[in-house]
>>> print(open('data.pdb').read())   # PDB, C-alpha atoms, pLDDT in the B column
ATOM      1  CA  MET C   1       5.487  11.409  -5.461  1.00 77.00           C
ATOM      2  CA  ARG C   2       6.687  13.586  -8.319  1.00 84.00           C
ATOM      3  CA  GLN C   3       4.328  11.948 -10.798  1.00 89.00           C
ATOM      4  CA  LEU C   4       1.401  12.089  -8.367  1.00 82.00           C
ATOM      5  CA  GLN C   5       1.907  15.845  -8.122  1.00 87.00           C
ATOM      6  CA  ARG C   6       1.420  16.100 -11.893  1.00 90.00           C
ATOM      7  CA  VAL C   7      -2.012  14.492 -12.101  1.00 90.00           C
ATOM      8  CA  GLU C   8      -5.269  16.423 -12.065  1.00 87.00           C
ATOM      9  CA  ASP C   9      -7.478  16.475  -8.975  1.00 86.00           C
ATOM     10  CA  GLN C  10     -10.106  14.379 -10.749  1.00 87.00           C
ATOM     11  CA  ASP C  11      -7.613  11.754 -11.980  1.00 88.00           C
ATOM     12  CA  TYR C  12      -7.407   8.397 -10.294  1.00 86.00           C
ATOM     13  CA  PHE C  13      -4.304   7.524  -8.245  1.00 86.00           C
ATOM     14  CA  GLU C  14      -3.425   5.024 -10.961  1.00 90.00           C
ATOM     15  CA  ARG C  15      -2.703   7.886 -13.373  1.00 93.00           C
ATOM     16  CA  GLY C  16       0.325   8.765 -11.273  1.00 92.00           C
ATOM     17  CA  LEU C  17       1.468   5.167 -11.489  1.00 92.00           C
ATOM     18  CA  GLU C  18       0.967   5.165 -15.257  1.00 94.00           C
ATOM     19  CA  LEU C  19       3.198   8.228 -15.568  1.00 94.00           C
ATOM     20  CA  ALA C  20       5.846   6.741 -13.281  1.00 94.00           C
ATOM     21  CA  ILE C  21       5.900   3.538 -15.336  1.00 96.00           C
ATOM     22  CA  ALA C  22       6.039   5.321 -18.695  1.00 96.00           C
ATOM     23  CA  GLU C  23       8.439   8.114 -17.804  1.00 94.00           C
ATOM     24  CA  ASP C  24      10.525   6.786 -14.910  1.00 94.00           C
ATOM     25  CA  GLY C  25      10.610   3.069 -15.661  1.00 96.00           C
ATOM     26  CA  LEU C  26       8.878   2.190 -12.391  1.00 95.00           C
ATOM     27  CA  LEU C  27       8.446  -1.562 -12.023  1.00 97.00           C
ATOM     28  CA  LEU C  28       5.449  -2.931 -10.145  1.00 95.00           C
ATOM     29  CA  GLU C  29       4.588  -6.459  -9.110  1.00 96.00           C
ATOM     30  CA  PRO C  30       1.050  -7.575  -8.256  1.00 95.00           C
ATOM     31  CA  MET C  31       0.371  -9.090  -4.858  1.00 95.00           C
ATOM     32  CA  ASP C  32      -2.494 -11.340  -3.829  1.00 96.00           C
ATOM     33  CA  VAL C  33      -4.264  -9.620  -0.937  1.00 93.00           C
ATOM     34  CA  SER C  34      -7.484 -11.609  -1.146  1.00 94.00           C
ATOM     35  CA  ASP C  35      -6.990 -12.969   2.373  1.00 96.00           C
ATOM     36  CA  LEU C  36      -6.532  -9.470   3.853  1.00 93.00           C
ATOM     37  CA  TYR C  37      -9.014  -6.758   4.754  1.00 90.00           C
ATOM     38  CA  ALA C  38      -9.056  -4.042   2.109  1.00 89.00           C
ATOM     39  CA  VAL C  39     -11.396  -1.175   1.344  1.00 89.00           C
ATOM     40  CA  GLU C  40     -11.259   1.395  -1.416  1.00 89.00           C
ATOM     41  CA  VAL C  41     -11.107   4.880   0.083  1.00 90.00           C
ATOM     42  CA  ASP C  42     -12.743   7.516  -2.079  1.00 88.00           C
ATOM     43  CA  PHE C  43     -14.575   9.558   0.527  1.00 94.00           C
ATOM     44  CA  ALA C  44     -14.222  10.508   4.192  1.00 96.00           C
ATOM     45  CA  GLU C  45     -16.869   7.927   5.095  1.00 96.00           C
ATOM     46  CA  ASP C  46     -14.781   5.214   3.442  1.00 95.00           C
ATOM     47  CA  LEU C  47     -11.765   6.215   5.518  1.00 96.00           C
ATOM     48  CA  GLU C  48     -13.818   6.199   8.701  1.00 96.00           C
ATOM     49  CA  ARG C  49     -15.040   2.673   7.917  1.00 93.00           C
ATOM     50  CA  ALA C  50     -11.524   1.489   7.102  1.00 93.00           C
ATOM     51  CA  ASN C  51     -10.165   2.945  10.336  1.00 95.00           C
ATOM     52  CA  LEU C  52     -12.561   0.759  12.320  1.00 94.00           C
ATOM     53  CA  PHE C  53     -10.485  -2.252  11.249  1.00 89.00           C
ATOM     54  CA  VAL C  54      -6.986  -0.983  12.046  1.00 86.00           C
TER      55      VAL C  54
END
>>> encode(input="data.pdb", output="structure tokens")
Amino acid sequence: MRQLQRVEDQDYFERGLELAIAEDGLLLEPMDVSDLYAVEVDFAEDLERANLFV
């Protein structure tokens, strides 16, 4: 959370992860989610659509 608080409003979420990796040594491991429902949420409409499936 600390690194996410440092990023600019127009930065992508990933910028917070980049900072956490570089400065805090955060380790991440990729996961295959291709068999799961996923939607990128950028706008309120995206969230509304995603909420239809939960």
>>> atom_distance(input="data.pdb", atom1="CA of Val39 in chain C", atom2="CA of Glu23 in chain C")
29.1 Å
>>> atom_distance(input="data.pdb", atom1="CA of Gln3 in chain C", atom2="CA of Gly16 in chain C")
5.1 Å
>>> atom_distance(input="data.pdb", atom1="CA of Arg49 in chain C", atom2="CA of Met1 in chain C")
26.0 Å
>>> residues_near_point(input="data.pdb", point="(-7.8, -4.0, 8.3)", cutoff="8 Å", atoms="only C-alpha atoms", output="number ranges by chain")
C: 36-38, 50-54
>>> write_last_selection(input="data.pdb", atoms="C-alpha atoms", output="PDB file, in the coordinates of the input")
ATOM      1  CA  LEU C  36      -6.532  -9.470   3.853  1.00 93.00           C
ATOM      2  CA  TYR C  37      -9.014  -6.758   4.754  1.00 90.00           C
ATOM      3  CA  ALA C  38      -9.056  -4.042   2.109  1.00 89.00           C
ATOM      4  CA  ALA C  50     -11.524   1.489   7.102  1.00 93.00           C
ATOM      5  CA  ASN C  51     -10.165   2.945  10.336  1.00 95.00           C
ATOM      6  CA  LEU C  52     -12.561   0.759  12.320  1.00 94.00           C
ATOM      7  CA  PHE C  53     -10.485  -2.252  11.249  1.00 89.00           C
ATOM      8  CA  VAL C  54      -6.986  -0.983  12.046  1.00 86.00           C
TER       9      VAL C  54
END
>>> axis_aligned_box(input="data.pdb", around="range 33-49 of chain C", padding_each_side="5 Å", output="JSON")
{"center_x": -10.6, "center_y": -1.2, "center_z": 3.3, "size_x": 22.6, "size_y": 33.5, "size_z": 20.8}
>>> resolve_selection(input="data.pdb", expression="the PyMOL selection byres ((chain C and resi 5) around 12)", output="PyMOL selection string")
chain C and resi 1-4+6-9+11+13+15-17+19-20
>>> write_last_selection(input="data.pdb", atoms="C-alpha atoms", output="tab-separated table (two decimals), in the coordinates of the input")
chain	number	residue	atom	x	y	z
C	1	MET	CA	5.49	11.41	-5.46
C	2	ARG	CA	6.69	13.59	-8.32
C	3	GLN	CA	4.33	11.95	-10.80
C	4	LEU	CA	1.40	12.09	-8.37
C	6	ARG	CA	1.42	16.10	-11.89
C	7	VAL	CA	-2.01	14.49	-12.10
C	8	GLU	CA	-5.27	16.42	-12.06
C	9	ASP	CA	-7.48	16.48	-8.98
C	11	ASP	CA	-7.61	11.75	-11.98
C	13	PHE	CA	-4.30	7.52	-8.24
C	15	ARG	CA	-2.70	7.89	-13.37
C	16	GLY	CA	0.32	8.76	-11.27
C	17	LEU	CA	1.47	5.17	-11.49
C	19	LEU	CA	3.20	8.23	-15.57
C	20	ALA	CA	5.85	6.74	-13.28
